[in-house]
>>> print(open('query.txt').read())   # compact mmCIF, C-alpha atoms and all ligand atoms
# COMPACT_ATOMS: atom_id res chain seq x y z
CA MET A 5 -7.61 73.98 30.50
CA ARG A 6 -8.95 75.31 27.20
CA LEU A 7 -11.92 73.48 25.81
CA SER A 8 -10.81 74.35 22.26
CA LYS A 9 -7.67 72.24 22.79
CA THR A 10 -9.10 68.99 24.12
CA PHE A 11 -10.08 66.03 21.95
CA VAL A 12 -12.97 65.28 24.29
CA LYS A 13 -16.48 66.33 23.32
CA THR A 14 -19.65 66.40 25.36
CA LEU A 15 -22.21 63.89 24.08
CA ARG A 16 -25.95 64.06 23.64
CA THR A 17 -26.43 60.49 24.78
CA ALA A 18 -24.68 58.09 27.12
CA PRO A 19 -24.08 54.36 26.43
CA LYS A 20 -27.55 52.83 26.73
CA GLU A 21 -26.62 50.46 29.58
CA GLU A 22 -25.69 53.48 31.67
CA THR A 23 -29.03 53.74 33.44
CA ALA A 24 -27.92 55.52 36.60
CA ARG A 25 -28.20 59.29 36.22
CA GLY A 26 -24.74 60.18 37.49
CA ALA A 27 -23.08 57.46 35.39
CA ALA A 28 -24.82 58.78 32.27
CA PHE A 29 -23.66 62.34 33.03
CA LEU A 30 -20.06 61.19 33.61
CA SER A 31 -20.06 59.74 30.08
CA ARG A 32 -21.93 62.60 28.44
CA ALA A 33 -19.86 65.33 30.11
CA GLY A 34 -16.62 63.68 28.97
CA TYR A 35 -15.22 62.47 32.29
CA ILE A 36 -15.06 58.79 31.43
CA HIS A 37 -15.25 56.52 28.39
CA LYS A 38 -16.67 53.03 28.52
CA GLU A 39 -14.72 50.24 26.81
CA LEU A 40 -16.60 47.21 28.10
CA ALA A 41 -18.92 46.40 30.96
CA GLY A 42 -16.95 47.31 34.07
CA VAL A 43 -13.98 48.64 32.07
CA TYR A 44 -13.54 52.40 31.83
CA ASP A 45 -11.09 55.01 30.67
CA TYR A 46 -10.60 58.27 32.54
CA LEU A 47 -10.49 61.33 30.30
CA PRO A 48 -8.67 64.57 31.24
CA LEU A 49 -11.51 65.95 33.40
CA GLY A 50 -12.23 62.58 34.98
CA LEU A 51 -8.56 62.08 35.76
CA LYS A 52 -8.52 65.46 37.52
CA VAL A 53 -11.44 64.43 39.73
CA LEU A 54 -9.77 61.13 40.51
CA GLU A 55 -6.56 62.94 41.43
CA ARG A 56 -8.43 65.33 43.74
CA ILE A 57 -10.05 62.38 45.52
CA LYS A 58 -6.66 60.69 45.88
CA THR A 59 -5.06 63.87 47.25
CA ILE A 60 -7.71 64.21 49.97
CA ILE A 61 -7.23 60.56 50.98
CA ARG A 62 -3.43 60.92 50.96
CA GLU A 63 -3.44 64.06 53.08
CA GLU A 64 -5.62 62.52 55.77
CA LEU A 65 -3.73 59.20 55.86
CA ASN A 66 -0.32 60.85 55.90
CA ALA A 67 -1.57 62.97 58.83
CA ILE A 68 -2.04 59.82 60.94
CA GLY A 69 1.41 58.50 60.11
CA CYS A 70 0.73 56.23 57.13
CA GLU A 71 3.35 55.64 54.44
CA GLU A 72 2.51 55.32 50.76
CA VAL A 73 3.81 52.49 48.57
CA LEU A 74 2.88 51.12 45.15
CA MET A 75 2.81 47.37 44.82
CA SER A 76 2.64 45.21 41.73
CA SER A 77 -0.64 44.00 40.27
CA LEU A 78 0.91 40.65 39.34
CA GLN A 79 0.40 38.05 42.04
CA ASN A 80 2.42 35.02 43.00
CA PRO A 81 0.01 32.04 43.44
CA GLU A 82 2.23 30.46 46.13
CA LEU A 83 1.36 33.15 48.68
CA TRP A 84 -2.36 32.80 48.06
CA GLN A 85 -2.13 29.03 48.32
CA LYS A 86 -0.72 29.44 51.83
CA THR A 87 -3.79 31.43 52.91
CA ASP A 88 -6.15 29.21 50.90
CA ARG A 89 -7.33 32.04 48.66
CA TRP A 90 -5.96 30.85 45.30
CA ASP A 91 -8.81 28.39 44.94
CA ILE A 92 -11.51 29.69 42.54
CA GLU A 93 -14.10 28.09 44.82
CA LYS A 94 -12.98 30.40 47.63
CA MET A 95 -12.19 33.52 45.58
CA ASP A 96 -14.47 33.48 42.58
CA ILE A 97 -13.36 36.88 41.29
CA TRP A 98 -9.78 35.96 40.24
CA PHE A 99 -8.46 37.04 36.86
CA ARG A 100 -5.53 34.78 36.05
CA THR A 101 -2.98 34.59 33.31
CA GLN A 102 -0.35 32.18 32.03
CA LEU A 103 3.33 32.98 32.07
CA ALA A 104 5.12 32.42 28.76
CA ALA A 105 7.86 30.71 30.76
CA GLY A 106 5.32 28.35 32.31
CA GLY A 107 3.16 28.69 35.40
CA GLU A 108 0.37 30.97 36.41
CA LEU A 109 0.01 34.50 37.77
CA GLY A 110 -2.97 36.31 39.27
CA LEU A 111 -4.06 39.89 38.67
CA ALA A 112 -4.43 41.54 42.07
CA PRO A 113 -7.96 41.62 43.49
CA THR A 114 -6.51 42.90 46.81
CA HIS A 115 -3.09 42.86 48.51
CA GLU A 116 -3.12 41.25 51.95
CA GLU A 117 -0.90 38.35 50.92
CA PRO A 118 1.87 40.21 49.05
CA ILE A 119 2.12 43.01 51.61
CA THR A 120 2.31 40.52 54.48
CA GLU A 121 5.08 38.66 52.65
CA MET A 122 6.88 41.92 51.84
CA MET A 123 6.87 42.96 55.50
CA LYS A 124 8.80 39.80 56.44
CA THR A 125 11.82 41.54 54.91
CA TYR A 126 11.43 44.60 57.14
CA ILE A 127 9.76 43.50 60.38
CA SER A 128 11.65 41.28 62.80
CA SER A 129 11.63 43.02 66.18
CA TYR A 130 9.11 44.95 68.31
CA LYS A 131 11.27 47.97 67.47
CA ASP A 132 10.15 47.70 63.82
CA LEU A 133 6.49 48.08 64.75
CA PRO A 134 3.93 49.50 64.26
CA VAL A 135 3.87 49.86 60.46
CA TYR A 136 1.07 51.58 58.52
CA ALA A 137 1.42 51.26 54.74
CA TYR A 138 -1.07 52.09 52.01
CA GLN A 139 -1.32 52.36 48.28
CA ILE A 140 -3.71 53.75 45.71
CA GLN A 141 -3.68 51.16 43.02
CA THR A 142 -5.53 49.24 40.33
CA LYS A 143 -7.40 46.09 41.33
CA PHE A 144 -8.88 43.45 39.05
CA ARG A 145 -11.97 41.45 39.91
CA ASN A 146 -13.95 39.16 37.69
CA GLU A 147 -17.27 40.52 38.99
CA LEU A 148 -20.31 38.61 37.76
CA ARG A 149 -22.23 41.81 37.23
CA ALA A 150 -20.62 45.14 36.53
CA LYS A 151 -23.19 47.87 36.81
CA SER A 152 -23.85 51.46 37.81
CA GLY A 153 -20.89 52.67 35.76
CA ILE A 154 -17.67 53.04 37.70
CA MET A 155 -19.38 52.07 40.94
CA ARG A 156 -18.62 48.42 40.20
CA GLY A 157 -15.73 47.86 37.85
CA ARG A 158 -13.85 44.76 36.75
CA GLU A 159 -10.80 46.98 36.91
CA PHE A 160 -10.99 49.72 39.50
CA ILE A 161 -8.91 51.92 41.76
CA MET A 162 -8.73 51.19 45.45
CA LYS A 163 -6.93 52.75 48.35
CA ASP A 164 -5.81 49.90 50.57
CA LEU A 165 -4.12 50.51 53.87
CA TYR A 166 -2.64 47.75 56.05
CA SER A 167 -1.63 48.05 59.69
CA PHE A 168 0.92 45.87 61.49
CA SER A 169 0.79 46.07 65.28
CA ARG A 170 2.34 44.43 68.33
CA THR A 171 -0.72 44.24 70.56
CA LEU A 172 -4.48 44.40 70.25
CA GLU A 173 -4.48 47.72 72.16
CA GLU A 174 -2.04 49.18 69.70
CA HIS A 175 -4.18 47.88 66.84
CA GLU A 176 -7.39 49.28 68.29
CA LYS A 177 -5.90 52.69 68.88
CA PHE A 178 -4.94 52.90 65.22
CA TYR A 179 -8.32 51.51 64.12
CA HIS A 180 -9.98 54.49 65.86
CA GLN A 181 -7.54 56.89 64.23
CA VAL A 182 -8.55 55.51 60.85
CA GLU A 183 -12.22 55.94 61.74
CA ALA A 184 -11.54 59.62 62.49
CA ALA A 185 -9.51 60.04 59.30
CA TYR A 186 -12.28 58.43 57.23
CA ARG A 187 -14.81 60.88 58.69
CA LYS A 188 -12.62 63.78 57.54
CA ILE A 189 -12.08 62.19 54.14
CA PHE A 190 -15.79 61.69 53.41
CA ASP A 191 -16.57 65.21 54.66
CA ARG A 192 -13.94 66.70 52.38
CA LEU A 193 -15.21 64.58 49.48
CA GLY A 194 -18.61 66.22 49.90
CA ILE A 195 -20.49 63.03 50.86
CA GLY A 196 -20.03 63.27 54.64
CA ASP A 197 -23.70 64.03 55.26
CA SER A 198 -24.90 60.84 53.61
CA THR A 199 -22.04 58.48 54.52
CA TYR A 200 -22.40 56.41 57.68
CA GLU A 201 -20.20 54.01 59.53
CA ALA A 202 -22.18 50.79 59.49
CA PHE A 203 -21.78 47.69 61.59
CA ALA A 204 -20.77 44.67 59.54
CA SER A 205 -19.64 41.14 60.16
CA GLY A 206 -15.96 40.61 60.90
CA GLY A 207 -15.89 37.04 59.65
CA VAL A 208 -14.11 34.42 61.72
CA PHE A 209 -11.14 36.49 62.86
CA ALA A 210 -12.91 39.44 64.52
CA LYS A 211 -16.40 39.88 65.81
CA TYR A 212 -17.24 42.99 63.81
CA SER A 213 -15.95 45.22 61.10
CA HIS A 214 -17.20 48.55 59.81
CA GLU A 215 -18.38 49.58 56.41
CA TYR A 216 -18.74 53.12 55.18
CA GLN A 217 -22.09 53.23 53.46
CA THR A 218 -23.30 56.18 51.42
CA PHE A 219 -27.08 56.31 51.20
CA VAL A 220 -27.89 56.44 47.51
CA GLU A 221 -30.72 54.92 45.46
CA VAL A 222 -28.51 53.14 42.94
CA GLY A 223 -26.43 51.55 45.73
CA GLU A 224 -26.27 47.74 45.61
CA ASP A 225 -26.45 47.20 49.36
CA THR A 226 -29.37 47.36 51.76
CA VAL A 227 -28.61 48.88 55.15
CA TYR A 228 -30.76 49.29 58.24
CA TYR A 229 -30.69 52.45 60.32
CA ASN A 230 -32.18 54.35 63.19
CA GLU A 231 -31.58 58.10 63.07
CA ASP A 232 -32.31 58.89 66.73
CA LYS A 233 -29.88 56.28 67.97
CA SER A 234 -27.39 56.91 65.14
CA VAL A 235 -27.19 53.22 64.39
CA VAL A 236 -26.52 51.81 60.94
CA LEU A 237 -25.93 48.16 60.17
CA ASN A 238 -25.74 45.96 57.11
CA GLU A 239 -27.78 42.88 56.27
CA GLU A 240 -25.21 40.35 57.52
CA VAL A 241 -25.48 41.51 61.11
CA LEU A 242 -29.25 42.06 61.26
CA GLN A 243 -29.68 39.56 64.07
CA ASP A 244 -30.94 39.60 67.66
CA ASP A 245 -27.61 39.61 69.52
CA VAL A 246 -26.25 42.50 67.45
CA LEU A 247 -29.46 44.52 67.80
CA GLU A 248 -29.35 43.99 71.54
CA MET A 249 -25.74 45.11 71.74
CA LEU A 250 -26.57 48.25 69.73
CA GLY A 251 -29.65 48.91 71.86
CA VAL A 252 -32.21 48.92 69.04
CA LYS A 253 -35.23 46.81 68.18
CA ARG A 254 -35.88 45.43 64.71
CA GLU A 255 -39.07 47.50 64.38
CA GLU A 256 -37.17 50.71 65.14
CA LEU A 257 -35.03 50.25 62.02
CA LYS A 258 -35.75 51.57 58.55
CA SER A 259 -34.01 50.22 55.46
CA THR A 260 -32.48 52.02 52.53
CA ARG A 261 -30.18 51.45 49.54
CA ALA A 262 -26.53 52.32 49.98
CA ALA A 263 -23.13 51.97 48.30
CA GLU A 264 -20.14 50.74 50.26
CA VAL A 265 -17.44 53.35 49.71
CA GLY A 266 -14.99 51.93 52.23
CA ASN A 267 -14.46 49.48 55.04
CA ILE A 268 -12.18 48.74 57.95
CA PHE A 269 -11.29 45.32 59.27
CA THR A 270 -9.45 43.79 62.16
CA LEU A 271 -7.53 40.88 60.63
CA LYS A 272 -5.56 39.78 63.67
CA ASP A 273 -3.44 36.84 62.44
CA LYS A 274 -5.61 35.79 59.50
CA TYR A 275 -2.76 36.43 57.03
CA SER A 276 0.25 36.94 59.30
CA GLY A 277 -0.40 33.46 60.77
CA PRO A 278 -0.24 31.32 57.61
CA LEU A 279 2.43 33.57 56.04
CA GLU A 280 4.42 33.57 59.30
CA LEU A 281 4.97 37.28 59.79
CA LYS A 282 6.46 37.35 63.29
CA PHE A 283 8.42 39.69 65.54
CA THR A 284 10.54 39.24 68.67
CA ASP A 285 8.97 41.04 71.64
CA GLU A 286 10.72 42.81 74.56
CA LYS A 287 11.13 39.49 76.37
CA GLY A 288 12.75 37.85 73.38
CA GLU A 289 9.68 35.78 72.52
CA ARG A 290 8.42 35.28 68.98
CA GLN A 291 4.93 36.68 68.39
CA THR A 292 2.67 36.90 65.36
CA VAL A 293 2.14 40.43 64.02
CA LEU A 294 -1.47 41.64 64.30
CA MET A 295 -2.96 43.15 61.17
CA GLY A 296 -5.81 45.37 60.07
CA CYS A 297 -6.92 46.42 56.60
CA TYR A 298 -8.73 49.56 55.54
CA GLY A 299 -10.14 50.10 52.05
CA ILE A 300 -11.69 52.94 50.11
CA GLY A 301 -13.07 52.43 46.62
CA VAL A 302 -11.52 55.49 44.97
CA SER A 303 -13.20 55.10 41.58
CA ARG A 304 -16.44 53.95 43.22
CA VAL A 305 -16.38 57.13 45.35
CA MET A 306 -16.21 59.19 42.15
CA GLY A 307 -19.25 57.34 40.82
CA VAL A 308 -21.12 57.78 44.10
CA ILE A 309 -20.39 61.51 44.22
CA ALA A 310 -21.69 61.81 40.65
CA GLU A 311 -24.95 60.06 41.64
CA LYS A 312 -25.42 62.13 44.80
CA CYS A 313 -24.37 65.43 43.34
CA CYS A 314 -26.34 65.99 40.16
CA ASP A 315 -29.64 67.48 38.96
CA ASP A 316 -31.67 67.34 35.71
CA LYS A 317 -29.05 69.34 33.85
CA GLY A 318 -25.90 67.53 34.84
CA LEU A 319 -23.26 67.07 37.49
CA VAL A 320 -22.80 69.40 40.48
CA TRP A 321 -19.32 68.64 41.84
CA PRO A 322 -18.60 69.54 45.47
CA ASP A 323 -15.82 72.19 45.57
CA GLY A 324 -13.27 69.74 47.02
CA VAL A 325 -13.33 67.34 44.07
CA ALA A 326 -14.35 69.55 41.13
CA PRO A 327 -11.80 69.37 38.31
CA TYR A 328 -11.83 73.16 38.05
CA LYS A 329 -13.44 75.82 40.20
CA TYR A 330 -14.54 78.24 37.45
CA TYR A 331 -16.06 77.72 34.01
CA LEU A 332 -15.19 80.91 32.15
CA ILE A 333 -17.14 82.15 29.14
CA GLY A 334 -16.41 85.31 27.18
CA ILE A 335 -19.23 86.67 25.02
CA GLY A 336 -18.52 89.00 22.13
CA GLU A 337 -15.12 90.10 20.87
CA THR A 338 -14.20 92.20 23.92
CA GLY A 339 -15.68 89.64 26.28
CA MET A 340 -13.51 86.89 24.75
CA LYS A 341 -10.38 89.04 24.99
CA GLN A 342 -11.09 89.86 28.60
CA ALA A 343 -11.77 86.20 29.35
CA GLU A 344 -8.32 85.36 27.95
CA GLU A 345 -6.83 87.91 30.30
CA LEU A 346 -8.71 86.56 33.30
CA TYR A 347 -7.56 83.05 32.38
CA ARG A 348 -3.86 83.92 32.32
CA GLY A 349 -2.16 82.91 35.56
CA HIS A 350 -5.22 80.97 36.75
CA GLU A 351 -4.97 77.96 34.45
CA ALA A 352 -5.10 75.54 37.38
CA GLU A 353 -8.54 76.62 38.55
CA VAL A 354 -10.23 77.79 35.35
CA LEU A 355 -11.81 75.86 32.50
CA LEU A 356 -11.91 78.36 29.65
CA ASP A 357 -14.63 77.72 27.10
CA ASP A 358 -12.95 79.30 24.10
CA ARG A 359 -14.73 77.10 21.55
CA ASP A 360 -16.42 78.62 18.55
CA LEU A 361 -19.95 77.88 19.79
CA ARG A 362 -23.09 79.82 20.65
CA PRO A 363 -23.31 81.01 24.30
CA GLY A 364 -26.37 78.78 24.86
CA GLU A 365 -24.35 75.66 24.02
CA LYS A 366 -21.58 76.75 26.37
CA PHE A 367 -24.07 77.37 29.18
CA ALA A 368 -25.53 73.90 28.69
CA ASP A 369 -22.08 72.28 28.78
CA ALA A 370 -21.14 74.28 31.89
CA GLU A 371 -24.18 72.78 33.63
CA LEU A 372 -23.52 69.28 32.29
CA MET A 373 -19.89 69.32 33.45
CA GLY A 374 -20.86 70.57 36.89
CA ILE A 375 -18.08 73.09 37.49
CA PRO A 376 -19.00 74.94 40.74
CA TYR A 377 -18.94 78.52 39.38
CA ARG A 378 -19.84 79.73 35.91
CA VAL A 379 -18.32 83.09 35.09
CA VAL A 380 -19.57 85.14 32.15
CA ILE A 381 -17.89 88.22 30.85
CA SER A 382 -19.72 90.15 28.15
CA ASP A 383 -20.19 93.68 26.80
CA LYS A 384 -23.07 94.03 29.23
CA THR A 385 -21.08 93.11 32.37
CA LEU A 386 -18.02 95.02 31.11
CA ALA A 387 -20.03 98.23 30.92
CA GLU A 388 -19.83 98.14 34.73
CA ASP A 389 -16.36 96.53 34.75
CA LYS A 390 -17.94 93.42 36.24
CA VAL A 391 -18.35 89.68 35.62
CA GLU A 392 -21.42 87.58 36.23
CA ILE A 393 -20.93 84.58 38.47
CA VAL A 394 -23.46 81.79 38.92
CA ASN A 395 -23.28 79.15 41.63
CA ARG A 396 -23.98 75.78 39.94
CA LYS A 397 -25.47 74.29 43.08
CA THR A 398 -27.73 77.08 44.33
CA GLY A 399 -28.29 78.93 41.07
CA GLU A 400 -27.38 82.15 42.89
CA ASN A 401 -26.35 84.81 40.44
CA ARG A 402 -24.12 87.81 41.20
CA LEU A 403 -22.33 90.62 39.44
CA ILE A 404 -18.93 91.25 40.97
CA PRO A 405 -16.06 93.59 40.04
CA LYS A 406 -13.85 91.89 37.47
CA ALA A 407 -10.72 92.52 39.52
CA GLN A 408 -12.22 90.68 42.50
CA LEU A 409 -13.19 87.45 40.75
CA TYR A 410 -10.53 85.27 42.32
CA THR A 411 -10.59 86.89 45.76
CA THR A 412 -14.33 86.87 46.40
CA GLN A 413 -15.61 84.14 48.72
CA PHE A 414 -18.96 82.59 47.86
P1 LIG A 501 -18.51 44.86 47.55
O1 LIG A 501 -19.28 44.22 48.67
O2 LIG A 501 -19.12 46.15 47.08
O3 LIG A 501 -18.17 43.91 46.45
P2 LIG A 501 -16.04 44.27 48.85
O4 LIG A 501 -16.50 43.87 50.20
O5 LIG A 501 -15.73 43.21 47.87
O6 LIG A 501 -17.12 45.29 48.21
P3 LIG A 501 -13.35 45.12 49.52
O7 LIG A 501 -12.75 43.92 48.95
O8 LIG A 501 -13.27 45.27 50.97
O9 LIG A 501 -14.85 45.29 49.01
O10 LIG A 501 -12.75 46.43 48.81
C1 LIG A 501 -12.58 47.69 49.46
C2 LIG A 501 -13.42 48.77 48.77
O11 LIG A 501 -13.22 48.76 47.37
C3 LIG A 501 -14.91 48.58 48.93
O12 LIG A 501 -15.36 49.14 50.14
C4 LIG A 501 -15.47 49.30 47.73
O13 LIG A 501 -15.62 50.69 48.02
C5 LIG A 501 -14.40 49.13 46.69
N1 LIG A 501 -14.75 48.09 45.69
C6 LIG A 501 -14.87 46.76 45.89
N2 LIG A 501 -15.18 46.13 44.75
C7 LIG A 501 -15.26 47.09 43.80
C8 LIG A 501 -15.53 47.07 42.38
N3 LIG A 501 -15.76 45.93 41.75
N4 LIG A 501 -15.52 48.26 41.73
C9 LIG A 501 -15.25 49.42 42.36
N5 LIG A 501 -14.99 49.50 43.68
C10 LIG A 501 -14.99 48.35 44.39
MG MG A 502 -16.83 42.36 46.36
>>> encode(input="query.txt", output="structure tokens")
Amino acid sequence: MRLSKTFVKTLRTAPKEETARGAAFLSRAGYIHKELAGVYDYLPLGLKVLERIKTIIREELNAIGCEEVLMSSLQNPELWQKTDRWDIEKMDIWFRTQLAAGGELGLAPTHEEPITEMMKTYISSYKDLPVYAYQIQTKFRNELRAKSGIMRGREFIMKDLYSFSRTLEEHEKFYHQVEAAYRKIFDRLGIGDSTYEAFASGGVFAKYSHEYQTFVEVGEDTVYYNEDKSVVLNEEVLQDDVLEMLGVKREELKSTRAAEVGNIFTLKDKYSGPLELKFTDEKGERQTVLMGCYGIGVSRVMGVIAEKCCDDKGLVWPDGVAPYKYYLIGIGETGMKQAEELYRGHEAEVLLDDRDLRPGEKFADAELMGIPYRVVISDKTLAEDKVEIVNRKTGENRLIPKAQLYTTQF
């Protein structure tokens, strides 16, 4: 990408409601544009980050046998009436709209109902199971408060995976596979060190569920943890029986702020029961399919990474999600020419700052945008046939032979 060719500009100030540091940098560095509270646009660099996050999630889910689909955002009220979730009293976050032809539609806040209904077309026998289907898709929720930038949107991108199993054992085996996949995903996203699997309430259909909580100051949740015993739990389950089961005492727990980046749930027959998703088992008996659901807040993850990975000067993207690996600056006439040459063939990993600006302004934007490696090529470095490379995270600065730029490991 050439910075001279994009319509996006870095900004001196962020929208004033953007109080979280990472959210302000995402706006200022030109990753996102705010339309309304909780409503954002993704600009070219932001879209790249989002795509990198999605790719990591896809790779790890495909590796455990999940299949990707893309379902509609328009929801048929009849299905949600069957599960008693159409009622605004029960689901206060519905966005709804009127059909010109008469009747109402909902804008998808989640997809348990439509995917359960869809599976009735494809699941009838034990031979059709298990099924693991996911999508990365836009959700709409009429959240009372939208804050912390893209961490809580009224429109946001979620990865939602649904499992359909024959037996509880089969379900549990897959549940553990998802736990392992989530670990890999959060590690690759660069927030593995601060993301914990927390105990949460499972509601009426299962005793417990798990949330993936990233410890971060601007997080909206409070979680309780004990490092020595590697126990993390959320507020809902902070009660004697749970503490006993986990082998910790209340006074051994500390509390901290965290953001829920994902969760996993055993649903059993919560949706397959009322929607009558059944299969015929080996003995010819009709059974209800057992379900699980597994979410990751894709756009929230991007916001959380921005909050965790930044300093006074701007963003500091982890390598795995950075939109580009190198921010290339040529100084002086020869430096610029050489930068053009280094750019050729490496367009996918290099952001070339070929704008007509002073080097100081380019350096400041390189820091604001948070590209992992800033590469400078100038008369001074060329005298030794070298380029200067600076690690955004550590500040480490090296001169390396120009010809070895793309083959040197840092
Ligand atoms: P929260 O308690 O934060 O409202 P939730 O329990 O409503 O989350 P789910 O319905 O299980 O969340 O959605 C799955 C994931 O989607 C969540 O773990 C979270 O990462 C993300 N998510 C939920 N609501 C939002 C939102 N309004 N904006 C961005 N991401 C969200
Ligand atoms: Mg919610």
>>> residues_near_ligand(input="query.txt", ligand="ligand LIG 501 (chain A)", cutoff="10 Å", atoms="all atoms listed in the file", output="PyMOL selection string")
chain A and resi 42-43+97+113-115+142-165+214-217+223-225+263-269+297-308
>>> atom_distance(input="query.txt", atom1="CA of Phe99 (chain A)", atom2="CA of Gln79 (chain A)")
10.3 Å
>>> residues_near_point(input="query.txt", point="(-8.3, 64.9, 27.0)", cutoff="10 Å", atoms="all atoms listed in the file", output="JSON, numbers by chain")
{"A": [5, 7, 9, 10, 11, 12, 13, 34, 35, 46, 47, 48, 49, 50, 51]}
>>> residues_around(input="query.txt", residues="region 66-68 of chain A", least_positions_apart="2", cutoff="8 Å", atoms="only C-alpha atoms", output="list of chain:residue names")
A:Arg62, A:Glu63, A:Glu64, A:Cys70, A:Glu71, A:Gln181, A:Val182, A:Ala185
>>> closest_residue(input="query.txt", among="A:Trp98, A:Tyr126, A:Phe190, A:Trp84", to="ligand MG 502 (chain A)", atoms="all atoms listed in the file")
A:Trp98
>>> atom_distance(input="query.txt", atom1="CA of Ser276 (chain A)", atom2="CA of Thr125 (chain A)")
13.2 Å
>>> decode(input="query.txt", residues="region 269-283 of chain A", atoms="N, CA, C and O atoms", output="mmCIF file, in the first residue's frame")
data_model
loop_
_atom_site.group_PDB
_atom_site.id
_atom_site.type_symbol
_atom_site.label_atom_id
_atom_site.label_comp_id
_atom_site.auth_asym_id
_atom_site.auth_seq_id
_atom_site.Cartn_x
_atom_site.Cartn_y
_atom_site.Cartn_z
ATOM 1 N N PHE A 269 -20.409 -22.304 25.378
ATOM 2 C CA PHE A 269 -21.619 -22.702 26.093
ATOM 3 C C PHE A 269 -22.071 -24.099 25.730
ATOM 4 O O PHE A 269 -22.060 -24.457 24.551
ATOM 5 N N THR A 270 -22.508 -24.838 26.710
ATOM 6 C CA THR A 270 -23.222 -26.069 26.425
ATOM 7 C C THR A 270 -24.705 -25.694 26.389
ATOM 8 O O THR A 270 -25.225 -25.140 27.353
ATOM 9 N N LEU A 271 -25.360 -25.950 25.274
ATOM 10 C CA LEU A 271 -26.777 -25.557 25.168
ATOM 11 C C LEU A 271 -27.722 -26.730 25.406
ATOM 12 O O LEU A 271 -28.908 -26.538 25.652
ATOM 13 N N LYS A 272 -27.174 -27.935 25.272
ATOM 14 C CA LYS A 272 -28.007 -29.143 25.322
ATOM 15 C C LYS A 272 -29.201 -28.990 24.381
ATOM 16 O O LYS A 272 -29.026 -28.759 23.203
ATOM 17 N N ASP A 273 -30.443 -29.044 24.931
ATOM 18 C CA ASP A 273 -31.606 -28.987 24.039
ATOM 19 C C ASP A 273 -32.359 -27.662 24.149
ATOM 20 O O ASP A 273 -33.529 -27.574 23.824
ATOM 21 N N LYS A 274 -31.645 -26.621 24.633
ATOM 22 C CA LYS A 274 -32.319 -25.339 24.845
ATOM 23 C C LYS A 274 -33.025 -24.844 23.571
ATOM 24 O O LYS A 274 -34.130 -24.320 23.627
ATOM 25 N N TYR A 275 -32.370 -24.988 22.426
ATOM 26 C CA TYR A 275 -32.978 -24.545 21.160
ATOM 27 C C TYR A 275 -33.474 -25.723 20.323
ATOM 28 O O TYR A 275 -34.509 -25.632 19.672
ATOM 29 N N SER A 276 -32.726 -26.837 20.368
ATOM 30 C CA SER A 276 -33.132 -27.991 19.550
ATOM 31 C C SER A 276 -34.429 -28.601 20.084
ATOM 32 O O SER A 276 -35.181 -29.204 19.326
ATOM 33 N N GLY A 277 -34.723 -28.390 21.390
ATOM 34 C CA GLY A 277 -35.978 -28.877 21.967
ATOM 35 C C GLY A 277 -37.168 -28.145 21.366
ATOM 36 O O GLY A 277 -37.951 -28.735 20.599
ATOM 37 N N PRO A 278 -37.311 -26.844 21.661
ATOM 38 C CA PRO A 278 -38.484 -26.116 21.133
ATOM 39 C C PRO A 278 -38.567 -26.088 19.611
ATOM 40 O O PRO A 278 -39.654 -26.046 19.043
ATOM 41 N N LEU A 279 -37.416 -26.120 18.914
ATOM 42 C CA LEU A 279 -37.451 -26.073 17.452
ATOM 43 C C LEU A 279 -37.488 -27.483 16.844
ATOM 44 O O LEU A 279 -37.510 -27.641 15.621
ATOM 45 N N GLU A 280 -37.467 -28.482 17.724
ATOM 46 C CA GLU A 280 -37.612 -29.887 17.309
ATOM 47 C C GLU A 280 -36.594 -30.352 16.283
ATOM 48 O O GLU A 280 -36.940 -30.883 15.228
ATOM 49 N N LEU A 281 -35.327 -30.138 16.616
ATOM 50 C CA LEU A 281 -34.249 -30.685 15.791
ATOM 51 C C LEU A 281 -33.887 -32.052 16.358
ATOM 52 O O LEU A 281 -33.295 -32.157 17.428
ATOM 53 N N LYS A 282 -34.317 -33.099 15.631
ATOM 54 C CA LYS A 282 -34.151 -34.473 16.145
ATOM 55 C C LYS A 282 -33.398 -35.342 15.153
ATOM 56 O O LYS A 282 -33.269 -34.995 13.984
ATOM 57 N N PHE A 283 -32.899 -36.465 15.648
ATOM 58 C CA PHE A 283 -32.266 -37.453 14.756
ATOM 59 C C PHE A 283 -32.697 -38.843 15.197
ATOM 60 O O PHE A 283 -33.120 -39.043 16.336
#
